[in-house]
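As structure tokens, the structure follows; a few thoughts come after it.
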Amino acid sequence: MLEHPSIEFGAAPVQGLAREYLPGLREPHVHEEHAQIMYAIKGSMTVLTAEGIWVLPPQRALWIPPGVSHTFKHSRQVSLRTVYVRQGAASIPPWAHCSVLNVGTLVRELILACAQLPGEYPEHSRESRLGTVLLDHLALLEQDAFYLPEPTDKRAVRAANLIKQNPNDTRPLKEIAFEVGASARTLERLFAAQTRMGFGAWRQRLRMMVALENLAAGESVSSTAAAIGYESSSSFIAVFRSVFGCSPAKYFAQR
């Protein structure tokens, strides 16, 4: 697994990268010695790891620990700002897993500033202090646990892929289980054991992830609802509200 081809790491504890990406799927890569903060100032993206899938609409950033292979995809152009944090840096958060962070105005500006930091600068410089301030504030951020855990059993993976390929698939579990060569009871057990949620809850979580992607990309509520299998916008909004605590319009207005 390769390091990111566009970054050359220096000795600095915090350095950054600002880059524009055209729509597409990026090659998987890993940073063995650096954690990273991914934040799109324009557009939205979906980040994929072996642990799960995270959707990053506006005002959400993702913390990725060192050594985690990841890739990301997006359907529209993305302006990505990435901050890399060297292992052992002072004030580095002790997060061992990927974490979605709800970004406010102050942290947004700190991320934008740190994304411009070079790989080398004096230890007690303005650049050094800037990175420390960002790390201090990260620990205070609200973390969002909404992500899609991935199953590992080959039958469960096939079932998951069927729903990913067609989020508006409303077939009952029994039919999907038959298609992947398992009983409904076995498939339900596999999802519960490997994702900590039943198949129905996992399918709903996937649909909400797709909804976030589509809405963040500018799709209407009605087209988003149809794309993920809801017969009406009102039924989709009701489920969205039950999951996120507010309507789609309010969710994105808050962010």
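Chain identifiers are assigned as A, B, and so on, following the order in which chains appear in the structure tokens; residues are numbered from 1 within each chain, and ligands are numbered from 1 in order of appearance.
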Hey, what does DSSP flag as helix (DSSP H, G or I) within stretch 98-159 of chain A? Can you give it to me as a ChimeraX atom specification? /A:105-114,126-138,154-159
Might you pull out every residue within 7 Å of stretch 191-195 of chain A, with only C-alpha atoms counted and same-chain residues fewer than 5 positions away left off, and present them as a compact mmCIF listing (two decimals) with N, CA and C atoms, in the first residue's frame?
# COMPACT_ATOMS: atom_id res chain seq x y z
N PRO A 149 -20.74 0.23 9.35
CA PRO A 149 -19.78 -0.86 9.56
C PRO A 149 -19.92 -1.92 8.48
N GLU A 150 -18.81 -2.56 8.15
CA GLU A 150 -18.82 -3.55 7.07
C GLU A 150 -18.78 -4.97 7.63
N PRO A 151 -19.61 -5.88 7.10
CA PRO A 151 -19.50 -7.29 7.48
C PRO A 151 -18.28 -7.92 6.82
N THR A 152 -17.89 -9.09 7.33
CA THR A 152 -16.70 -9.76 6.79
C THR A 152 -16.97 -11.14 6.22
N ALA A 156 -22.43 -12.46 3.95
CA ALA A 156 -22.91 -11.15 4.38
C ALA A 156 -22.37 -10.05 3.48
Interatomic distance, atom CA of A:Ile64 to atom CA of A:Arg126 (Å, one decimal): 25.2 Å
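Using only C-alpha atoms, the smallest distance between any of A:Leu17, A:Val221, A:Leu101, A:Ser125 and A:Glu142 comes from A:Leu101.
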Can you write out as CSV which residues of stretch 35-74 of chain A fall within 10 Å of stretch 111-121 of chain A, alongside each residue's closest atom pair and its distance in Å to one decimal, counting only C-alpha atoms and ordering rows by chain and ascending residue number?
residue,atom,partner,partner_atom,distance
A:Ile37,CA,A:Ile111,CA,8.3
A:Met38,CA,A:Ile111,CA,9.1
A:Tyr39,CA,A:Ile111,CA,7.9
A:Ala40,CA,A:Leu112,CA,10.0
A:Ile41,CA,A:Leu112,CA,8.6
A:Ala61,CA,A:Ile111,CA,9.6
Store the residues of this selection in a file with C-alpha atoms, as a compact mmCIF listing (two decimals), in the first residue's frame.
# COMPACT_ATOMS: atom_id res chain seq x y z
CA ILE A 37 -7.85 15.16 9.21
CA MET A 38 -9.82 15.19 5.95
CA TYR A 39 -12.13 18.15 5.36
CA ALA A 40 -13.85 19.25 2.14
CA ILE A 41 -14.43 23.00 1.89
CA ALA A 61 -14.29 16.25 8.98
Could you pull the residues within 9 Å of stretch 243-251 of chain A, counting only C-alpha atoms, minus those fewer than 3 positions along the same chain, as a ChimeraX atom specification? /A:205,208,212,215,221,237-240,254-255
Please produce an output containing C-alpha atoms for each residue in the selection, written as a short mmCIF file (atom, residue, chain, number, x, y, z; two decimals), in the first residue's frame.
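What landed in part.cif:
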data_model
loop_
_atom_site.label_atom_id
_atom_site.label_comp_id
_atom_site.auth_asym_id
_atom_site.auth_seq_id
_atom_site.Cartn_x
_atom_site.Cartn_y
_atom_site.Cartn_z
CA ARG A 205 -28.19 2.95 7.66
CA MET A 208 -29.29 7.18 4.98
CA LEU A 212 -26.46 12.22 2.73
CA LEU A 215 -28.42 15.64 -0.77
CA VAL A 221 -35.41 15.38 -1.52
CA ILE A 237 -38.24 12.71 5.66
CA ALA A 238 -39.86 10.88 8.59
CA VAL A 239 -37.11 8.24 8.61
CA PHE A 240 -34.40 10.87 8.12
CA GLN A 254 -27.01 23.59 10.59
CA ARG A 255 -23.87 22.59 8.76
#
Which one of A:Ser183, A:Thr170, A:Ser222, A:Gln15 sits closest to A:Tyr84 if you count only C-alpha atoms? A:Gln15
Could you work out how far atom CA of A:Asp153 lies from atom CA of A:Arg189, giving the answer in Å with one decimal?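 About the pair atom CA of A:Arg189 and atom CA of A:Asp153: they are 10.9 Å apart.
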Do you know which residues are at most 8 Å from A:Gly67 counting only C-alpha atoms, after dropping those on the same chain fewer than 3 positions away, and could you put them as a list in words? Val30, His31, Glu32, Glu33, His34 and Ala35 of chain A
Those residues you just picked out, can you put them in a file as a PDB file, in the first residue's frame with C-alpha atoms?
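Wrote part-v2.pdb, looks like this:
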ATOM      1  CA  VAL A  30      -2.013   4.573   3.954  1.00  0.00           C
ATOM      2  CA  HIS A  31       0.103   6.833   6.164  1.00  0.00           C
ATOM      3  CA  GLU A  32       2.023   4.679   8.616  1.00  0.00           C
ATOM      4  CA  GLU A  33       3.490   7.522  10.675  1.00  0.00           C
ATOM      5  CA  HIS A  34       0.762  10.146  10.386  1.00  0.00           C
ATOM      6  CA  ALA A  35      -2.845  10.575  11.412  1.00  0.00           C
TER       7      ALA A  35
END
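In this structure, atom CA of A:Ile228 sits 5.8 Å away from atom CA of A:Arg207.
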Determine which residues of stretch 39-234 of chain A DSSP labels as strand (DSSP E or B) from the backbone of this structure, then write them out as a PyMOL selection string. chain A and resi 39-42+45-48+52-56+60-64+70-74+78-86+99-102+143-144+148-149
Go ahead and write the selection's residues with C-alpha atoms as a CSV table (one decimal), in the first residue's frame.
chain,number,residue,atom,x,y,z
A,39,TYR,CA,-12.1,18.2,5.4
A,40,ALA,CA,-13.8,19.3,2.1
A,41,ILE,CA,-14.4,23.0,1.9
A,42,LYS,CA,-16.4,22.4,-1.3
A,45,MET,CA,-17.2,12.7,-0.3
A,46,THR,CA,-17.4,9.2,1.0
A,47,VAL,CA,-14.4,7.7,2.7
A,48,LEU,CA,-13.9,3.9,2.7
A,52,GLY,CA,-16.5,1.0,7.6
A,53,ILE,CA,-17.8,3.8,5.4
A,54,TRP,CA,-18.1,7.5,6.3
A,55,VAL,CA,-20.0,10.2,4.4
A,56,LEU,CA,-18.6,13.7,4.8
A,60,ARG,CA,-17.9,17.4,8.9
A,61,ALA,CA,-14.3,16.3,9.0
A,62,LEU,CA,-12.8,12.8,9.4
A,63,TRP,CA,-10.0,11.8,11.7
A,64,ILE,CA,-8.0,8.8,10.3
A,70,HIS,CA,-8.4,4.3,3.1
A,71,THR,CA,-9.7,5.6,-0.1
A,72,PHE,CA,-12.5,8.1,-1.0
A,73,LYS,CA,-15.0,8.8,-3.8
A,74,HIS,CA,-17.2,11.7,-4.8
A,78,VAL,CA,-14.1,18.4,-4.2
A,79,SER,CA,-11.9,21.0,-2.7
A,80,LEU,CA,-10.1,18.9,0.0
A,81,ARG,CA,-8.0,20.2,2.8
A,82,THR,CA,-6.0,17.6,4.7
A,83,VAL,CA,-3.9,18.1,7.9
A,84,TYR,CA,-1.3,15.4,8.7
A,85,VAL,CA,-0.3,14.8,12.3
A,86,ARG,CA,2.9,12.9,13.1
A,99,SER,CA,-13.9,9.6,14.0
A,100,VAL,CA,-16.3,12.0,12.3
A,101,LEU,CA,-16.0,15.5,13.7
A,102,ASN,CA,-18.6,18.2,13.6
A,143,GLN,CA,-17.9,13.3,17.5
A,144,ASP,CA,-20.5,11.9,15.2
A,148,LEU,CA,-21.6,2.2,8.1
A,149,PRO,CA,-19.8,-0.9,9.6
In terms of the shortest atom-to-atom distance over only C-alpha atoms, which of A:Ala184, A:Ala89, A:Arg241, A:Ala145 is closest to A:Ser128? A:Ala89
